[in-house]
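Structure data (mmCIF, C-alpha atoms) from query.cif:
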```
data_coords
#
loop_
_atom_site.group_PDB
_atom_site.id
_atom_site.type_symbol
_atom_site.label_atom_id
_atom_site.label_comp_id
_atom_site.auth_asym_id
_atom_site.auth_seq_id
_atom_site.Cartn_x
_atom_site.Cartn_y
_atom_site.Cartn_z
ATOM 1 C CA MET E 30 0.000 0.000 0.000
ATOM 2 C CA SER E 31 1.536 3.318 -1.105
ATOM 3 C CA TRP E 32 0.946 6.721 0.447
ATOM 4 C CA THR E 33 -0.529 8.337 -2.670
ATOM 5 C CA GLU E 34 -1.566 7.237 -6.153
ATOM 6 C CA SER E 35 -0.147 10.155 -8.129
ATOM 7 C CA GLY E 36 2.354 11.839 -5.854
ATOM 8 C CA PHE E 37 1.929 14.361 -3.079
ATOM 9 C CA GLY E 38 -0.365 17.082 -4.420
ATOM 10 C CA PHE E 39 -2.422 20.079 -3.397
ATOM 11 C CA ASN E 40 -5.207 17.935 -1.928
ATOM 12 C CA ASP E 41 -2.741 16.071 0.314
ATOM 13 C CA TYR E 42 -1.267 19.303 1.696
ATOM 14 C CA CYS E 43 -4.737 20.744 2.280
ATOM 15 C CA LEU E 44 -5.788 17.585 4.107
ATOM 16 C CA LEU E 45 -2.760 17.729 6.394
ATOM 17 C CA GLY E 46 -3.499 21.415 7.041
ATOM 18 C CA PHE E 47 -7.120 20.661 7.957
ATOM 19 C CA ILE E 48 -6.015 17.873 10.299
ATOM 20 C CA ILE E 49 -3.516 20.139 12.098
ATOM 21 C CA ILE E 50 -6.151 22.862 12.491
ATOM 22 C CA ALA E 51 -8.806 20.410 13.736
ATOM 23 C CA TRP E 52 -6.508 18.800 16.317
ATOM 24 C CA GLY E 53 -5.205 22.262 17.324
ATOM 25 C CA VAL E 54 -8.755 23.407 18.050
ATOM 26 C CA PHE E 55 -9.363 20.193 20.014
ATOM 27 C CA PHE E 56 -6.275 20.691 22.203
ATOM 28 C CA PHE E 57 -7.187 24.280 22.990
ATOM 29 C CA LEU E 58 -10.815 23.561 23.840
ATOM 30 C CA PRO E 59 -11.555 22.874 27.515
ATOM 31 C CA LYS E 60 -12.052 19.178 28.227
ATOM 32 C CA VAL E 61 -15.668 19.045 29.300
ATOM 33 C CA PHE E 62 -16.246 15.299 28.861
ATOM 34 C CA SER E 63 -14.854 12.372 30.838
ATOM 35 C CA LYS E 64 -11.919 10.434 29.357
ATOM 36 C CA GLN E 65 -14.146 7.414 28.759
ATOM 37 C CA PHE E 66 -16.707 9.456 26.906
ATOM 38 C CA THR E 67 -14.034 11.279 24.860
ATOM 39 C CA VAL E 68 -12.745 7.885 23.696
ATOM 40 C CA LEU E 69 -16.287 6.975 22.653
ATOM 41 C CA ILE E 70 -16.740 10.254 20.728
ATOM 42 C CA PHE E 71 -13.475 9.581 18.880
ATOM 43 C CA LEU E 72 -14.438 5.997 18.093
ATOM 44 C CA TYR E 73 -17.903 7.000 16.907
ATOM 45 C CA SER E 74 -16.429 9.719 14.689
ATOM 46 C CA LEU E 75 -14.015 7.191 13.209
ATOM 47 C CA ILE E 76 -16.423 4.337 12.705
ATOM 48 C CA VAL E 77 -19.281 6.209 11.006
ATOM 49 C CA PRO E 78 -17.271 7.547 8.023
ATOM 50 C CA SER E 79 -15.345 4.291 7.913
ATOM 51 C CA ILE E 80 -18.528 2.221 7.519
ATOM 52 C CA ILE E 81 -20.046 4.647 5.021
ATOM 53 C CA ASP E 82 -16.844 4.813 2.930
ATOM 54 C CA ASN E 83 -16.367 1.058 3.019
ATOM 55 C CA SER E 84 -19.993 0.382 2.106
ATOM 56 C CA PHE E 85 -20.872 3.051 -0.466
ATOM 57 C CA GLY E 86 -17.373 3.954 -1.681
ATOM 58 C CA ILE E 87 -16.492 0.508 -2.999
ATOM 59 C CA ALA E 88 -18.001 -1.998 -5.445
ATOM 60 C CA PRO E 89 -20.819 -2.700 -6.181
ATOM 61 C CA PHE E 90 -22.030 0.836 -5.247
ATOM 62 C CA ASP E 91 -18.705 2.675 -5.705
ATOM 63 C CA TYR E 92 -20.232 6.140 -5.398
ATOM 64 C CA TYR E 93 -17.033 8.050 -4.725
ATOM 65 C CA ASP E 94 -13.247 7.931 -4.483
ATOM 66 C CA ILE E 95 -11.127 9.459 -1.749
ATOM 67 C CA MET E 96 -7.945 11.452 -2.513
ATOM 68 C CA ASP E 97 -6.307 10.638 -5.884
ATOM 69 C CA GLY E 98 -8.277 7.616 -7.090
ATOM 70 C CA PRO E 99 -9.931 4.293 -6.362
ATOM 71 C CA GLN E 100 -6.907 2.630 -4.760
ATOM 72 C CA TYR E 101 -6.782 2.336 -0.972
ATOM 73 C CA THR E 102 -3.700 4.410 -0.062
ATOM 74 C CA GLY E 103 -2.064 5.699 3.116
ATOM 75 C CA MET E 104 -3.590 9.169 2.646
ATOM 76 C CA ASP E 105 -7.069 7.578 2.596
ATOM 77 C CA LEU E 106 -6.343 6.406 6.126
ATOM 78 C CA VAL E 107 -4.859 9.773 7.141
ATOM 79 C CA LEU E 108 -8.202 11.363 6.188
ATOM 80 C CA TYR E 109 -9.823 9.559 9.122
ATOM 81 C CA LEU E 110 -7.716 11.649 11.528
ATOM 82 C CA LEU E 111 -9.906 14.583 10.565
ATOM 83 C CA TYR E 112 -13.122 13.166 12.003
ATOM 84 C CA PRO E 113 -12.448 12.570 15.759
ATOM 85 C CA PRO E 114 -11.731 16.221 16.664
ATOM 86 C CA TYR E 115 -14.766 17.277 14.625
ATOM 87 C CA GLY E 116 -16.934 14.915 16.665
ATOM 88 C CA TYR E 117 -15.562 16.395 19.878
ATOM 89 C CA ILE E 118 -15.990 20.001 18.686
ATOM 90 C CA PHE E 119 -19.563 19.203 17.576
ATOM 91 C CA LEU E 120 -20.556 17.820 20.997
ATOM 92 C CA TYR E 121 -18.639 20.576 22.822
ATOM 93 C CA PHE E 122 -20.660 23.259 21.087
ATOM 94 C CA TYR E 123 -23.829 21.253 21.601
ATOM 95 C CA LYS E 124 -23.150 21.218 25.336
ATOM 96 C CA LYS E 125 -22.292 24.912 25.444
ATOM 97 C CA LEU E 126 -24.953 26.287 23.113
ATOM 98 C CA CYS E 127 -27.967 23.983 23.431
ATOM 99 C CA LYS E 128 -29.133 24.886 26.891
ATOM 100 C CA SER E 129 -32.702 24.157 25.899
ATOM 101 C CA ASP E 130 -34.140 21.271 23.860
ATOM 102 C CA LYS E 131 -35.921 23.654 21.515
ATOM 103 C CA TYR E 132 -32.573 24.598 19.937
ATOM 104 C CA ILE E 133 -31.487 21.028 19.100
ATOM 105 C CA VAL E 134 -33.072 20.896 15.644
ATOM 106 C CA LEU E 135 -31.613 24.291 14.793
ATOM 107 C CA PHE E 136 -28.182 23.254 16.109
ATOM 108 C CA ILE E 137 -28.101 20.009 14.097
ATOM 109 C CA SER E 138 -29.290 21.866 10.992
ATOM 110 C CA VAL E 139 -26.525 24.455 11.332
ATOM 111 C CA ALA E 140 -23.913 21.754 12.032
ATOM 112 C CA THR E 141 -25.120 19.843 8.962
ATOM 113 C CA LEU E 142 -24.824 22.986 6.851
ATOM 114 C CA VAL E 143 -21.270 23.563 8.125
ATOM 115 C CA SER E 144 -20.354 19.917 7.405
ATOM 116 C CA PHE E 145 -21.906 20.137 3.965
ATOM 117 C CA CYS E 146 -19.929 23.299 3.135
ATOM 118 C CA PHE E 147 -16.730 21.673 4.375
ATOM 119 C CA GLU E 148 -17.396 18.580 2.245
ATOM 120 C CA TRP E 149 -18.045 20.817 -0.773
ATOM 121 C CA LEU E 150 -14.677 22.509 -0.120
ATOM 122 C CA ASN E 151 -13.016 19.081 0.111
ATOM 123 C CA HIS E 152 -14.691 18.078 -3.152
ATOM 124 C CA LYS E 153 -13.389 21.226 -4.858
ATOM 125 C CA ILE E 154 -9.806 20.679 -3.722
ATOM 126 C CA GLY E 155 -9.859 17.027 -4.793
ATOM 127 C CA ILE E 156 -10.237 15.052 -1.594
ATOM 128 C CA PHE E 157 -13.574 13.517 -2.648
ATOM 129 C CA HIS E 158 -14.457 12.537 -6.227
ATOM 130 C CA TYR E 159 -18.101 11.594 -6.812
ATOM 131 C CA LYS E 160 -19.171 9.170 -9.528
ATOM 132 C CA HIS E 161 -21.962 6.822 -10.674
ATOM 133 C CA GLY E 162 -24.667 9.431 -10.132
ATOM 134 C CA TYR E 163 -23.842 10.353 -6.543
ATOM 135 C CA GLN E 164 -24.401 14.023 -5.735
ATOM 136 C CA ILE E 165 -22.966 15.911 -2.786
ATOM 137 C CA ILE E 166 -26.471 16.914 -1.687
ATOM 138 C CA TYR E 167 -27.139 13.281 -0.661
ATOM 139 C CA SER E 168 -24.521 13.648 2.075
ATOM 140 C CA ILE E 169 -26.919 15.872 4.023
ATOM 141 C CA CYS E 170 -28.972 12.761 4.887
ATOM 142 C CA PHE E 171 -25.894 11.084 6.380
ATOM 143 C CA TYR E 172 -24.972 14.196 8.424
ATOM 144 C CA LEU E 173 -28.483 14.594 9.813
ATOM 145 C CA ILE E 174 -28.685 10.955 10.866
ATOM 146 C CA THR E 175 -25.178 10.573 12.321
ATOM 147 C CA GLN E 176 -25.208 13.875 14.229
ATOM 148 C CA THR E 177 -28.653 13.161 15.664
ATOM 149 C CA ILE E 178 -27.511 9.702 16.806
ATOM 150 C CA LEU E 179 -24.464 11.232 18.504
ATOM 151 C CA ILE E 180 -26.588 13.729 20.435
ATOM 152 C CA VAL E 181 -29.185 11.112 21.396
ATOM 153 C CA TYR E 182 -26.406 8.815 22.577
ATOM 154 C CA TYR E 183 -24.805 11.632 24.573
ATOM 155 C CA ARG E 184 -28.085 12.388 26.260
ATOM 156 C CA ILE E 185 -28.685 8.728 27.100
ATOM 157 C CA VAL E 186 -25.252 7.929 28.482
ATOM 158 C CA GLU E 187 -23.460 11.018 29.740
ATOM 159 C CA LEU E 188 -26.372 12.914 31.205
ATOM 160 C CA LYS E 189 -27.535 9.786 33.055
ATOM 161 C CA HIS E 190 -24.441 10.009 35.241
ATOM 162 C CA MET K 20 -32.181 -16.153 2.042
ATOM 163 C CA ILE K 21 -28.714 -15.403 3.450
ATOM 164 C CA VAL K 22 -29.703 -11.749 4.049
ATOM 165 C CA THR K 23 -32.667 -12.897 6.135
ATOM 166 C CA PHE K 24 -30.486 -15.418 7.933
ATOM 167 C CA TYR K 25 -27.953 -12.815 9.085
ATOM 168 C CA PHE K 26 -30.664 -10.272 9.786
ATOM 169 C CA PHE K 27 -32.436 -12.801 12.010
ATOM 170 C CA ILE K 28 -29.262 -13.875 13.843
ATOM 171 C CA SER K 29 -28.337 -10.206 14.406
ATOM 172 C CA TRP K 30 -31.826 -9.527 15.711
ATOM 173 C CA VAL K 31 -31.480 -12.484 18.106
ATOM 174 C CA LEU K 32 -28.175 -11.100 19.399
ATOM 175 C CA ILE K 33 -29.662 -7.629 19.881
ATOM 176 C CA GLY K 34 -32.553 -9.276 21.725
ATOM 177 C CA LEU K 35 -30.137 -11.152 23.959
ATOM 178 C CA PHE K 36 -28.374 -7.886 24.739
ATOM 179 C CA LEU K 37 -31.514 -5.966 25.529
ATOM 180 C CA PHE K 38 -33.668 -8.539 27.274
ATOM 181 C CA ASN K 39 -31.399 -11.308 28.545
ATOM 182 C CA ARG K 40 -28.883 -8.959 30.106
ATOM 183 C CA ILE K 41 -25.696 -10.342 28.611
ATOM 184 C CA HIS K 42 -24.332 -6.888 29.357
ATOM 185 C CA ARG K 43 -25.266 -6.891 33.047
ATOM 186 C CA HIS K 44 -21.628 -6.685 34.104
ATOM 187 C CA ALA K 45 -20.844 -3.779 31.807
ATOM 188 C CA SER K 46 -22.031 -0.217 31.442
ATOM 189 C CA VAL K 47 -23.654 1.205 28.314
ATOM 190 C CA LYS K 48 -20.380 3.014 27.583
ATOM 191 C CA GLU K 49 -18.395 -0.206 27.704
ATOM 192 C CA VAL K 50 -20.812 -2.053 25.430
ATOM 193 C CA THR K 51 -20.703 0.884 23.004
ATOM 194 C CA LEU K 52 -16.906 0.930 23.085
ATOM 195 C CA LEU K 53 -16.735 -2.774 22.242
ATOM 196 C CA PHE K 54 -19.317 -2.507 19.496
ATOM 197 C CA LEU K 55 -17.709 0.536 17.837
ATOM 198 C CA LEU K 56 -14.211 -0.899 18.095
ATOM 199 C CA CYS K 57 -15.399 -4.184 16.565
ATOM 200 C CA CYS K 58 -17.040 -2.309 13.690
ATOM 201 C CA LEU K 59 -13.877 -0.273 13.092
ATOM 202 C CA ILE K 60 -11.466 -3.215 13.133
ATOM 203 C CA ASN K 61 -13.693 -5.637 11.242
ATOM 204 C CA THR K 62 -14.758 -3.242 8.491
ATOM 205 C CA ASN K 63 -11.190 -2.178 7.765
ATOM 206 C CA THR K 64 -9.859 -5.725 7.947
ATOM 207 C CA TYR K 65 -12.341 -6.958 5.362
ATOM 208 C CA ILE K 66 -11.614 -3.943 3.155
ATOM 209 C CA GLY K 67 -7.920 -4.853 3.389
ATOM 210 C CA LEU K 68 -8.676 -8.483 2.526
ATOM 211 C CA PHE K 69 -11.053 -7.647 -0.339
ATOM 212 C CA ASP K 70 -9.498 -4.530 -1.847
ATOM 213 C CA THR K 71 -5.919 -3.875 -0.773
ATOM 214 C CA PHE K 72 -4.357 -7.334 -0.522
ATOM 215 C CA LYS K 73 -7.010 -9.173 -2.588
ATOM 216 C CA TRP K 74 -6.716 -12.293 -0.410
ATOM 217 C CA MET K 75 -10.484 -12.712 -0.741
ATOM 218 C CA LYS K 76 -12.830 -11.819 -3.558
ATOM 219 C CA THR K 77 -16.170 -10.314 -2.605
ATOM 220 C CA THR K 78 -19.398 -10.790 -4.528
ATOM 221 C CA THR K 79 -20.744 -8.245 -7.007
ATOM 222 C CA ASP K 80 -24.301 -9.499 -6.571
ATOM 223 C CA THR K 81 -26.259 -6.812 -4.683
ATOM 224 C CA ASP K 82 -28.277 -9.281 -2.620
ATOM 225 C CA LEU K 83 -25.201 -11.133 -1.387
ATOM 226 C CA TYR K 84 -23.317 -7.873 -0.903
ATOM 227 C CA ILE K 85 -26.006 -6.611 1.479
ATOM 228 C CA ALA K 86 -25.635 -9.895 3.379
ATOM 229 C CA THR K 87 -21.868 -9.281 3.536
ATOM 230 C CA LEU K 88 -22.490 -5.773 4.904
ATOM 231 C CA ILE K 89 -24.833 -7.105 7.603
ATOM 232 C CA PHE K 90 -22.326 -9.839 8.426
ATOM 233 C CA LYS K 91 -19.267 -7.609 8.840
ATOM 234 C CA ASN K 92 -20.923 -4.475 10.243
ATOM 235 C CA VAL K 93 -23.657 -5.885 12.497
ATOM 236 C CA PHE K 94 -23.409 -9.620 13.114
ATOM 237 C CA VAL K 95 -19.659 -9.902 13.840
ATOM 238 C CA PRO K 96 -19.503 -6.837 16.165
ATOM 239 C CA LEU K 97 -22.517 -8.060 18.149
ATOM 240 C CA LEU K 98 -21.104 -11.565 18.401
ATOM 241 C CA MET K 99 -17.695 -10.249 19.482
ATOM 242 C CA CYS K 100 -19.298 -7.983 22.105
ATOM 243 C CA CYS K 101 -21.329 -10.869 23.538
ATOM 244 C CA PHE K 102 -18.376 -13.206 23.826
ATOM 245 C CA THR K 103 -15.987 -10.539 25.115
ATOM 246 C CA LEU K 104 -18.341 -9.776 27.983
ATOM 247 C CA LEU K 105 -19.092 -13.447 28.634
ATOM 248 C CA ILE K 106 -15.418 -14.458 28.629
ATOM 249 C CA TYR K 107 -14.274 -11.420 30.627
ATOM 250 C CA ARG K 108 -16.475 -12.167 33.609
ATOM 251 C CA SER K 109 -16.279 -15.986 33.630
ATOM 252 C CA PRO K 110 -13.933 -18.327 35.522
ATOM 253 C CA TRP K 111 -11.244 -20.123 33.477
ATOM 254 C CA ASN K 112 -13.129 -23.343 32.726
ATOM 255 C CA LYS K 113 -16.095 -21.318 31.436
ATOM 256 C CA LYS K 114 -13.737 -19.067 29.471
ATOM 257 C CA ILE K 115 -12.451 -22.117 27.561
ATOM 258 C CA GLN K 116 -15.986 -23.338 26.879
ATOM 259 C CA PHE K 117 -17.082 -19.943 25.625
ATOM 260 C CA PHE K 118 -13.966 -19.631 23.483
ATOM 261 C CA SER K 119 -14.637 -23.052 21.900
ATOM 262 C CA LEU K 120 -18.223 -22.055 21.142
ATOM 263 C CA PHE K 121 -17.036 -18.722 19.763
ATOM 264 C CA SER K 122 -14.492 -20.430 17.483
ATOM 265 C CA PHE K 123 -17.130 -22.872 16.248
ATOM 266 C CA ILE K 124 -19.560 -20.060 15.388
ATOM 267 C CA THR K 125 -16.969 -17.876 13.602
ATOM 268 C CA VAL K 126 -15.510 -20.745 11.566
ATOM 269 C CA SER K 127 -18.988 -22.050 10.675
ATOM 270 C CA SER K 128 -20.196 -18.640 9.567
ATOM 271 C CA ASP K 129 -17.086 -18.260 7.403
ATOM 272 C CA LEU K 130 -17.783 -21.618 5.772
ATOM 273 C CA ILE K 131 -21.438 -20.670 5.192
ATOM 274 C CA ASN K 132 -20.394 -17.339 3.655
ATOM 275 C CA GLU K 133 -18.041 -19.011 1.234
ATOM 276 C CA TYR K 134 -20.547 -21.717 0.393
ATOM 277 C CA LYS K 135 -23.255 -19.121 -0.353
ATOM 278 C CA GLY K 136 -20.829 -17.099 -2.503
ATOM 279 C CA MET K 137 -20.608 -13.957 -0.366
ATOM 280 C CA TYR K 138 -16.856 -14.135 -0.866
ATOM 281 C CA THR K 139 -14.283 -16.603 -2.120
ATOM 282 C CA PHE K 140 -10.865 -17.338 -0.666
ATOM 283 C CA LYS K 141 -7.759 -16.557 -2.747
ATOM 284 C CA GLN K 142 -4.835 -16.533 -0.324
ATOM 285 C CA TRP K 143 -6.911 -17.132 2.764
ATOM 286 C CA ASN K 144 -8.259 -20.175 4.583
ATOM 287 C CA ILE K 145 -10.329 -21.195 7.590
ATOM 288 C CA PHE K 146 -7.308 -21.382 9.882
ATOM 289 C CA TYR K 147 -6.504 -17.719 9.178
ATOM 290 C CA THR K 148 -10.123 -16.879 10.020
ATOM 291 C CA PHE K 149 -9.772 -18.695 13.331
ATOM 292 C CA LEU K 150 -6.493 -16.865 14.049
ATOM 293 C CA TYR K 151 -7.946 -13.486 13.072
ATOM 294 C CA PHE K 152 -10.988 -13.810 15.322
ATOM 295 C CA SER K 153 -8.940 -15.188 18.236
ATOM 296 C CA ILE K 154 -6.494 -12.261 18.127
ATOM 297 C CA PHE K 155 -9.433 -9.885 17.635
ATOM 298 C CA LEU K 156 -11.084 -11.278 20.795
ATOM 299 C CA LEU K 157 -7.857 -10.899 22.769
ATOM 300 C CA VAL K 158 -7.535 -7.262 21.658
ATOM 301 C CA LEU K 159 -11.102 -6.592 22.793
ATOM 302 C CA LEU K 160 -10.515 -8.178 26.197
ATOM 303 C CA LEU K 161 -7.388 -6.058 26.717
ATOM 304 C CA THR K 162 -9.184 -2.933 25.509
ATOM 305 C CA LEU K 163 -12.041 -3.526 27.953
ATOM 306 C CA LYS K 164 -9.536 -3.868 30.793
ATOM 307 C CA TRP K 165 -7.763 -0.636 29.722
ATOM 308 C CA TYR K 166 -11.046 1.244 29.331
ATOM 309 C CA ARG K 167 -12.208 0.349 32.823
ATOM 310 C CA GLY K 168 -8.939 1.709 34.163
ATOM 311 C CA LEU K 169 -9.435 5.102 32.477
ATOM 312 C CA ASP K 170 -12.104 6.173 34.894
ATOM 313 C CA PRO K 171 -11.691 4.018 38.010
ATOM 314 C CA CYS K 172 -14.829 5.284 39.713
ATOM 315 C CA SER K 173 -17.086 3.942 36.945
ATOM 316 C CA ARG K 174 -16.090 0.312 36.693
ATOM 317 C CA GLY K 175 -18.529 -1.854 34.801
ATOM 318 C CA GLU K 176 -19.696 -3.896 37.728
ATOM 319 C CA LYS K 177 -20.702 -0.784 39.666
ATOM 320 C CA ASN K 178 -22.146 0.950 36.703
ATOM 321 C CA VAL K 179 -24.879 -1.373 35.594
ATOM 322 C CA VAL K 180 -27.522 0.072 33.333
ATOM 323 C CA ASP K 181 -30.180 -2.621 32.971
#
```
Would it be possible to restate this file's structure as structure tokens?
Amino acid sequence: MSWTESGFGFNDYCLLGFIIIAWGVFFFLPKVFSKQFTVLIFLYSLIVPSIIDNSFGIAPFDYYDIMDGPQYTGMDLVLYLLYPPYGYIFLYFYKKLCKSDKYIVLFISVATLVSFCFEWLNHKIGIFHYKHGYQIIYSICFYLITQTILIVYYRIVELKH
Amino acid sequence: MIVTFYFFISWVLIGLFLFNRIHRHASVKEVTLLFLLCCLINTNTYIGLFDTFKWMKTTTDTDLYIATLIFKNVFVPLLMCCFTLLIYRSPWNKKIQFFSLFSFITVSSDLINEYKGMYTFKQWNIFYTFLYFSIFLLVLLLTLKWYRGLDPCSRGEKNVVD
């Protein structure tokens, strides 16, 4: 397994930049969750894109490629480093901003919009390549579902203690 | 047929978790950790076997592919969670019995999958499957032990959510 399919390009540098920024934000944010729950947020944020990529991104669906092409390279794995801090930042802002339940739908909608815009940016710089009729707008469904599950899970587990 | 089979078995395992309290010596967090970790390891392992190393060849038939997805993303993680929790809390003689049962189920399901055409072996065989799942189980047991040590005041046994 090689690191890239066609050499280190603009998309690879951008990805590394995004990862550094995301982890930088995570380290500077106050740690408001227990260690156990932080591990769970990280795992959840890793597993959801991993399952989606490995189900819809390969044959027979094969709706998109990550980084340079269809081959599974080292930079495809590096991409997954981007998701755990995002999961933490998402729940951090949920905890800080959603003091009342009536704001949850608005919060998830805004977070979905932010995620969608970030995915569009990634698409433009060549991190995601859609094919076989897949359109970026379909990703909104995935964001709505996964972010809602994360909040529901947080409310079930963390708030119980 | 095979889709229904795995769907049913997965449903049975979920039922056992929810109603028969397999998880009674673990907290919700611990069960979630095991399930998510199983999904992560298993999904990426099968991708490596199918795509990167090409040691197995997966089906292109949609029906069988959905069965493969249920198998690797739902059935295996649930099965691993069940047996991790059962083995973790049992005395040694029970541990060996559970491990034998676990090995029988994983090897049988692999044989069924190959027989039904969900995937075919290239540079892979049943013994590797047995080794893979045994090491996988060991990793989960160690992870559970590590996770309980992260937050000593919330050990599974004292943190039962039935």
Taking the file as I've supplied it (selection: the PyMOL selection byres ((chain E) within 12 of (chain K))), which residues are included? Please answer as a PDB file with C-alpha atoms, keeping the file's coordinate frame.
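out_20.pdb, freshly written:
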```pdb
ATOM      1  CA  MET E  30       0.000   0.000   0.000  1.00  0.00           C
ATOM      2  CA  SER E  31       1.536   3.318  -1.105  1.00  0.00           C
ATOM      3  CA  PHE E  62     -16.246  15.299  28.861  1.00  0.00           C
ATOM      4  CA  SER E  63     -14.854  12.372  30.838  1.00  0.00           C
ATOM      5  CA  LYS E  64     -11.919  10.434  29.357  1.00  0.00           C
ATOM      6  CA  GLN E  65     -14.146   7.414  28.759  1.00  0.00           C
ATOM      7  CA  PHE E  66     -16.707   9.456  26.906  1.00  0.00           C
ATOM      8  CA  THR E  67     -14.034  11.279  24.860  1.00  0.00           C
ATOM      9  CA  VAL E  68     -12.745   7.885  23.696  1.00  0.00           C
ATOM     10  CA  LEU E  69     -16.287   6.975  22.653  1.00  0.00           C
ATOM     11  CA  ILE E  70     -16.740  10.254  20.728  1.00  0.00           C
ATOM     12  CA  PHE E  71     -13.475   9.581  18.880  1.00  0.00           C
ATOM     13  CA  LEU E  72     -14.438   5.997  18.093  1.00  0.00           C
ATOM     14  CA  TYR E  73     -17.903   7.000  16.907  1.00  0.00           C
ATOM     15  CA  SER E  74     -16.429   9.719  14.689  1.00  0.00           C
ATOM     16  CA  LEU E  75     -14.015   7.191  13.209  1.00  0.00           C
ATOM     17  CA  ILE E  76     -16.423   4.337  12.705  1.00  0.00           C
ATOM     18  CA  VAL E  77     -19.281   6.209  11.006  1.00  0.00           C
ATOM     19  CA  PRO E  78     -17.271   7.547   8.023  1.00  0.00           C
ATOM     20  CA  SER E  79     -15.345   4.291   7.913  1.00  0.00           C
ATOM     21  CA  ILE E  80     -18.528   2.221   7.519  1.00  0.00           C
ATOM     22  CA  ILE E  81     -20.046   4.647   5.021  1.00  0.00           C
ATOM     23  CA  ASP E  82     -16.844   4.813   2.930  1.00  0.00           C
ATOM     24  CA  ASN E  83     -16.367   1.058   3.019  1.00  0.00           C
ATOM     25  CA  SER E  84     -19.993   0.382   2.106  1.00  0.00           C
ATOM     26  CA  PHE E  85     -20.872   3.051  -0.466  1.00  0.00           C
ATOM     27  CA  GLY E  86     -17.373   3.954  -1.681  1.00  0.00           C
ATOM     28  CA  ILE E  87     -16.492   0.508  -2.999  1.00  0.00           C
ATOM     29  CA  ALA E  88     -18.001  -1.998  -5.445  1.00  0.00           C
ATOM     30  CA  PRO E  89     -20.819  -2.700  -6.181  1.00  0.00           C
ATOM     31  CA  PHE E  90     -22.030   0.836  -5.247  1.00  0.00           C
ATOM     32  CA  ASP E  91     -18.705   2.675  -5.705  1.00  0.00           C
ATOM     33  CA  PRO E  99      -9.931   4.293  -6.362  1.00  0.00           C
ATOM     34  CA  GLN E 100      -6.907   2.630  -4.760  1.00  0.00           C
ATOM     35  CA  TYR E 101      -6.782   2.336  -0.972  1.00  0.00           C
ATOM     36  CA  THR E 102      -3.700   4.410  -0.062  1.00  0.00           C
ATOM     37  CA  GLY E 103      -2.064   5.699   3.116  1.00  0.00           C
ATOM     38  CA  ASP E 105      -7.069   7.578   2.596  1.00  0.00           C
ATOM     39  CA  LEU E 106      -6.343   6.406   6.126  1.00  0.00           C
ATOM     40  CA  TYR E 109      -9.823   9.559   9.122  1.00  0.00           C
ATOM     41  CA  LEU E 179     -24.464  11.232  18.504  1.00  0.00           C
ATOM     42  CA  TYR E 182     -26.406   8.815  22.577  1.00  0.00           C
ATOM     43  CA  TYR E 183     -24.805  11.632  24.573  1.00  0.00           C
ATOM     44  CA  ILE E 185     -28.685   8.728  27.100  1.00  0.00           C
ATOM     45  CA  VAL E 186     -25.252   7.929  28.482  1.00  0.00           C
ATOM     46  CA  GLU E 187     -23.460  11.018  29.740  1.00  0.00           C
ATOM     47  CA  LYS E 189     -27.535   9.786  33.055  1.00  0.00           C
ATOM     48  CA  HIS E 190     -24.441  10.009  35.241  1.00  0.00           C
TER      49      HIS E 190
END
```
Subject >> For atom CA of His158 of chain E and atom CA of Met96 of chain E, the interatomic separation in Å (one decimal) >> reply: 7.6 Å
Subject >> Spatial neighbours of Leu142 of chain E, 10 Å, only C-alpha atoms, chain gap at least 4 places, as JSON, numbers by chain >> reply: {"E": [136, 137, 138, 146, 147, 148, 169, 172, 173]}
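The gap separating atom CA of Val126 of chain K from atom CA of Tyr147 of chain K is 9.8 Å, in Å to one decimal.
The residues returned by the PyMOL selection byres ((chain E and resi 49) around 12) for this structure are Tyr42, Cys43, Leu44, Leu45, Gly46, Phe47, Ile48, Ile50, Ala51, Trp52, Gly53, Val54, Phe55, Phe56, Val107, Leu108, Leu110, Leu111, Tyr112, Pro114 and Tyr115 of chain E.
Closest approach to Met75 of chain K among K:Phe118, K:Phe149, K:Trp143, K:Phe90: K:Trp143, based on only C-alpha atoms.
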**OP:** Could you jot down the atom CA of Lys135 of chain K to atom CA of Thr103 of chain K separation for me, Å, one decimal place?
**Re:** 27.8 Å
Subject >> Residues matched by the PyMOL selection byres ((chain K and resi 129-133) around 10), written as a PyMOL selection string >> reply: chain K and resi 21+77+83+86-87+90+123-128+134-140+144-145+148-149
Skipping near chain neighbours, those fewer than 3 positions away, what residues fall within 8 Å of Arg108 of chain K using only C-alpha atoms, listed as a compact mmCIF listing (two decimals) with C-alpha atoms, keeping the file's coordinate frame?
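So part.txt came out as:
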```
# COMPACT_ATOMS: atom_id res chain seq x y z
CA HIS K 44 -21.63 -6.68 34.10
CA LEU K 104 -18.34 -9.78 27.98
CA LEU K 105 -19.09 -13.45 28.63
```
